[in-house]
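Colleague: File name structure10.txt; file contents compact mmCIF, C-alpha atoms; full text below.
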```
# COMPACT_ATOMS: atom_id res chain seq x y z
CA MET A 950 93.29 0.81 176.52
CA LYS A 951 93.31 0.30 172.71
CA LYS A 952 89.95 2.06 172.43
CA LEU A 953 91.34 4.99 174.38
CA LEU A 954 94.39 5.24 172.09
CA VAL A 955 92.18 5.12 169.00
CA PHE A 956 90.38 8.17 170.38
CA ILE A 957 93.39 10.10 171.71
CA ILE A 958 95.75 9.79 168.72
CA PRO A 959 93.36 11.35 166.15
CA LEU A 960 92.48 14.05 168.69
CA MET A 961 96.16 14.91 169.08
CA LEU A 962 96.71 15.03 165.32
CA PHE A 963 93.82 17.39 164.72
CA SER A 964 94.71 19.60 167.67
CA CYS A 965 98.15 20.22 166.10
CA ASN A 966 96.39 21.98 163.27
CA GLY A 967 95.14 24.82 165.43
CA ASN A 968 94.98 28.53 164.75
CA ALA A 969 98.68 28.97 165.47
CA GLN A 970 99.54 26.93 162.37
CA LYS A 971 97.13 28.64 160.01
CA LYS A 972 98.38 31.19 157.57
CA GLU A 973 97.21 34.69 158.30
CA THR A 974 95.34 36.27 155.45
CA ALA A 975 95.81 39.88 154.62
CA SER A 976 92.76 42.09 154.69
CA GLN A 977 94.79 44.88 153.10
CA GLU A 978 93.45 46.62 150.02
CA TYR A 979 95.92 47.02 147.16
CA GLU A 980 96.12 49.66 144.44
CA VAL A 981 96.25 46.96 141.74
CA THR A 982 93.54 44.34 142.11
CA LYS A 983 92.48 41.78 139.53
CA THR A 984 90.44 38.61 139.43
CA ASP A 985 92.17 35.26 139.64
CA GLU A 986 91.32 34.69 135.96
CA GLN A 987 92.96 38.00 134.99
CA TRP A 988 96.15 37.14 136.93
CA LYS A 989 96.27 33.69 135.29
CA ALA A 990 95.95 35.28 131.83
CA GLU A 991 98.67 37.88 132.46
CA LEU A 992 101.30 35.87 134.34
CA SER A 993 103.30 32.82 133.34
CA GLU A 994 102.45 29.61 135.18
CA GLY A 995 105.48 29.99 137.47
CA GLU A 996 104.82 33.66 138.16
CA TYR A 997 101.20 32.88 138.98
CA ARG A 998 102.14 30.05 141.37
CA ILE A 999 104.57 32.28 143.25
CA LEU A 1000 102.94 35.72 143.13
CA ARG A 1001 99.31 34.68 143.58
CA LYS A 1002 99.53 31.31 145.38
CA GLY A 1003 102.60 31.86 147.57
CA ASP A 1004 104.72 29.06 146.09
CA THR A 1005 108.54 29.06 146.03
CA GLU A 1006 110.80 28.41 143.06
CA ARG A 1007 113.65 25.92 143.27
CA ALA A 1008 116.88 27.35 144.65
CA PHE A 1009 119.63 28.39 142.22
CA THR A 1010 117.26 28.51 139.21
CA SER A 1011 116.81 32.27 138.80
CA PRO A 1012 119.01 34.23 136.39
CA LEU A 1013 118.43 37.22 138.70
CA ASN A 1014 120.88 35.63 141.16
CA ASP A 1015 123.77 36.65 138.90
CA ILE A 1016 122.76 40.27 138.31
CA ASP A 1017 125.07 42.79 139.92
CA GLU A 1018 124.81 45.71 137.51
CA PRO A 1019 123.07 48.87 138.78
CA GLY A 1020 119.33 48.85 138.38
CA THR A 1021 115.95 48.11 139.92
CA PHE A 1022 114.11 44.87 140.54
CA VAL A 1023 110.38 45.38 139.95
CA CYS A 1024 107.31 43.26 140.66
CA ALA A 1025 106.66 40.88 137.74
CA ALA A 1026 102.91 41.33 138.23
CA CYS A 1027 102.53 45.12 138.39
CA GLY A 1028 105.94 46.74 137.74
CA ASN A 1029 106.22 48.24 141.24
CA PRO A 1030 109.90 49.07 142.00
CA LEU A 1031 110.91 46.76 144.88
CA TYR A 1032 114.69 46.49 145.34
CA LYS A 1033 117.87 48.18 144.12
CA THR A 1034 120.95 46.24 143.06
CA LYS A 1035 123.04 48.19 145.57
CA TYR A 1036 121.16 46.39 148.39
CA LYS A 1037 121.59 42.93 146.84
CA PHE A 1038 124.05 40.41 148.30
CA ASP A 1039 124.99 36.77 147.78
CA SER A 1040 123.42 34.92 150.69
CA GLY A 1041 124.39 31.51 149.36
CA THR A 1042 120.76 30.39 149.65
CA GLY A 1043 120.03 30.20 145.92
CA TRP A 1044 117.52 33.06 145.79
CA PRO A 1045 118.08 36.75 145.08
CA SER A 1046 118.68 38.36 148.47
CA PHE A 1047 118.55 41.99 149.57
CA ASP A 1048 119.20 43.67 152.90
CA ARG A 1049 116.34 46.16 152.41
CA PRO A 1050 113.56 47.10 149.99
CA ILE A 1051 112.88 50.46 148.40
CA ASP A 1052 110.89 52.59 150.88
CA ASP A 1053 107.19 51.64 150.99
CA ALA A 1054 107.64 49.06 148.20
CA VAL A 1055 106.71 45.95 150.18
CA SER A 1056 104.30 44.87 152.86
CA TYR A 1057 104.64 42.04 155.32
CA GLY A 1058 102.45 39.17 156.47
CA ARG A 1059 102.89 36.42 159.02
CA ASN A 1060 102.95 32.74 158.08
CA THR A 1061 102.97 29.94 160.65
CA SER A 1062 101.83 27.12 158.36
CA PHE A 1063 105.14 25.22 158.66
CA GLY A 1064 105.13 25.12 162.47
CA TYR A 1065 107.41 28.14 162.85
CA GLU A 1066 106.81 31.81 162.25
CA ASP A 1067 108.28 33.59 159.27
CA ASN A 1068 107.52 36.90 157.68
CA GLU A 1069 106.21 36.87 154.16
CA VAL A 1070 107.10 39.73 151.86
CA HIS A 1071 104.43 41.04 149.47
CA CYS A 1072 104.37 43.72 146.81
CA ALA A 1073 102.78 46.77 148.44
CA ARG A 1074 101.05 47.70 145.18
CA CYS A 1075 99.39 44.40 144.09
CA GLY A 1076 99.85 42.10 147.11
CA GLY A 1077 101.87 39.55 145.13
CA HIS A 1078 103.86 37.09 147.24
CA LEU A 1079 107.57 37.81 146.76
CA GLY A 1080 109.33 35.68 149.36
CA HIS A 1081 110.31 35.97 153.02
CA VAL A 1082 112.43 38.15 155.28
CA PHE A 1083 114.83 36.66 157.82
CA GLU A 1084 117.05 38.08 160.57
CA ASP A 1085 120.30 36.55 159.24
CA GLY A 1086 121.33 39.22 156.75
CA PRO A 1087 124.50 41.36 156.72
CA ARG A 1088 125.19 42.65 160.24
CA LYS A 1089 127.05 45.68 158.89
CA THR A 1090 123.86 47.00 157.28
CA THR A 1091 120.33 46.01 158.35
CA GLY A 1092 120.79 42.43 159.55
CA LYS A 1093 117.85 41.48 157.31
CA ARG A 1094 117.76 39.01 154.42
CA HIS A 1095 114.89 39.53 152.00
CA CYS A 1096 114.92 36.14 150.27
CA ILE A 1097 112.94 36.81 147.09
CA ASN A 1098 111.77 34.50 144.32
CA GLY A 1099 113.34 35.48 141.00
CA LEU A 1100 110.10 34.73 139.12
CA ALA A 1101 108.36 37.34 141.26
CA MET A 1102 110.56 40.09 139.81
CA GLU A 1103 111.96 41.56 136.63
CA PHE A 1104 115.17 43.54 136.38
CA ILE A 1105 115.41 46.99 134.81
CA PRO A 1106 119.01 48.20 134.28
CA GLU A 1107 119.78 51.73 135.44
CA GLY A 1108 118.97 54.29 132.77
CA GLU A 1109 116.21 52.28 131.08
```
Kindly transcribe the structure held in the file into structure tokens.
Modeller:
Amino acid sequence: MKKLLVFIIPLMLFSCNGNAQKKETASQEYEVTKTDEQWKAELSEGEYRILRKGDTERAFTSPLNDIDEPGTFVCAACGNPLYKTKYKFDSGTGWPSFDRPIDDAVSYGRNTSFGYEDNEVHCARCGGHLGHVFEDGPRKTTGKRHCINGLAMEFIPEGE
């Protein structure tokens, strides 16, 4: 019986890491493409980790959480306009949150690497990882919550 358990337990562990748990990779072509070395040279360490490697910043660390003046949030990697302040709301999660992006500004990918499915949000121009979109946003508008890493964006006040 012990020999059987020694065989079955590792088999079960490896079978849990099947295709359903693997992150889907985008085969999409982007207008702005650079080598990994070029991205590393142009972005800060934190921006690189988030935008190019899909990492997440710690909650409540972004100064973009407090911005409520009119303007546009743009991709920190390529300057693509992503979100308007008028669609920003305080979700209480610790990350800048929006109920919708600017039209055609983002693309979506599926990620099941944590055992549940979520929708990744990417910059439609350079493919940079921005954050995730969830279905728990404001019901009076879209019902969506684009939970976006502050390091993935820069803010441009209206009129600049």
Colleague: Give me, please, the distance in Å between atom CA of A:Asp1052 and atom CA of A:Asn1029, quoted to one decimal.
Modeller: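 About the pair atom CA of A:Asp1052 and atom CA of A:Asn1029: they are 11.6 Å apart.
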Colleague: Interatomic distance between atom CA of A:Asp985 and atom CA of A:Pro1012?
Modeller: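 These two atoms are separated by 27.1 Å.
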Colleague: Could you tell me how far atom CA of A:Gly1076 sits from atom CA of A:Arg1059, in Å to one decimal place?
Modeller: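 Result for atom CA of A:Arg1059 versus atom CA of A:Gly1076: 13.5 Å, one decimal.
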Colleague: Check which residues of stretch 1026-1105 of chain A sit at most 8 Å from stretch 1005-1010 of chain A using only C-alpha atoms, and return one row each with the closest pair of atoms and their distance in Å to one decimal, ordered by chain and rising number, as CSV.
Modeller:
```
residue,atom,partner,partner_atom,distance
A:Thr1042,CA,A:Ala1008,CA,7.0
A:Gly1043,CA,A:Phe1009,CA,4.1
A:Trp1044,CA,A:Ala1008,CA,5.9
A:Gly1080,CA,A:Thr1005,CA,7.5
A:Asn1098,CA,A:Glu1006,CA,6.3
A:Gly1099,CA,A:Glu1006,CA,7.8
A:Leu1100,CA,A:Glu1006,CA,7.5
```
Colleague: Mind writing the picked residues with C-alpha atoms as a PDB file, in the coordinates of the input?
Modeller:
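Resulting contents of selection-v2.pdb:
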```pdb
ATOM      1  CA  THR A1042     120.760  30.390 149.650  1.00  0.00           C
ATOM      2  CA  GLY A1043     120.030  30.200 145.920  1.00  0.00           C
ATOM      3  CA  TRP A1044     117.520  33.060 145.790  1.00  0.00           C
ATOM      4  CA  GLY A1080     109.330  35.680 149.360  1.00  0.00           C
ATOM      5  CA  ASN A1098     111.770  34.500 144.320  1.00  0.00           C
ATOM      6  CA  GLY A1099     113.340  35.480 141.000  1.00  0.00           C
ATOM      7  CA  LEU A1100     110.100  34.730 139.120  1.00  0.00           C
TER       8      LEU A1100
END
```
Colleague: Around stretch 991-1004 of chain A, with edges along x, y and z and 4 Å added on all six sides, what centre and edge lengths do you get, in Å to one decimal, as JSON?
Modeller:
```
{"center_x": 102.1, "center_y": 33.5, "center_z": 140.0, "size_x": 14.8, "size_y": 16.8, "size_z": 23.1}
```
Colleague: Identify which of the residues A:Pro1050, A:Gly995, A:Pro1045, A:Pro1106 lies closest to A:Leu1013, counting only C-alpha atoms when measuring atom-to-atom distances.
Modeller: A:Pro1045
Colleague: Which residue out of A:Asp1017, A:Ala1025, A:Gly1058, A:Asn1068 has the minimum interatomic distance to A:Ser993 when all atoms listed in the file are used?
Modeller: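 Among A:Asp1017, A:Ala1025, A:Gly1058, A:Asn1068, it is A:Ala1025 that comes nearest to A:Ser993.
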Colleague: Using all atoms listed in the file, which residue out of A:Asp1039, A:Asp1053, A:Glu996, A:Glu1018 lies closest to A:Met1102?
Modeller: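 For A:Met1102, the nearest of the candidates is A:Glu996.
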Colleague: Which one of A:Arg1001, A:His1078, A:Lys983, A:Arg1094 sits closest to A:Asp1048 if you count all atoms listed in the file?
Modeller: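 With all atoms listed in the file as the atom set, the closest residue is A:Arg1094.
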Colleague: Between A:Ile1097, A:Cys1075, A:Ile1016, A:Val1070, which one has atoms that come closest to A:Glu980, using only C-alpha atoms?
Modeller: A:Cys1075
Colleague: Taking all atoms listed in the file into account, which of A:Pro1087, A:Cys1072, A:Glu1107, A:Thr982 comes nearest A:Gly1028?
Modeller: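 Of the candidates, the smallest distance to A:Gly1028 is held by A:Cys1072.
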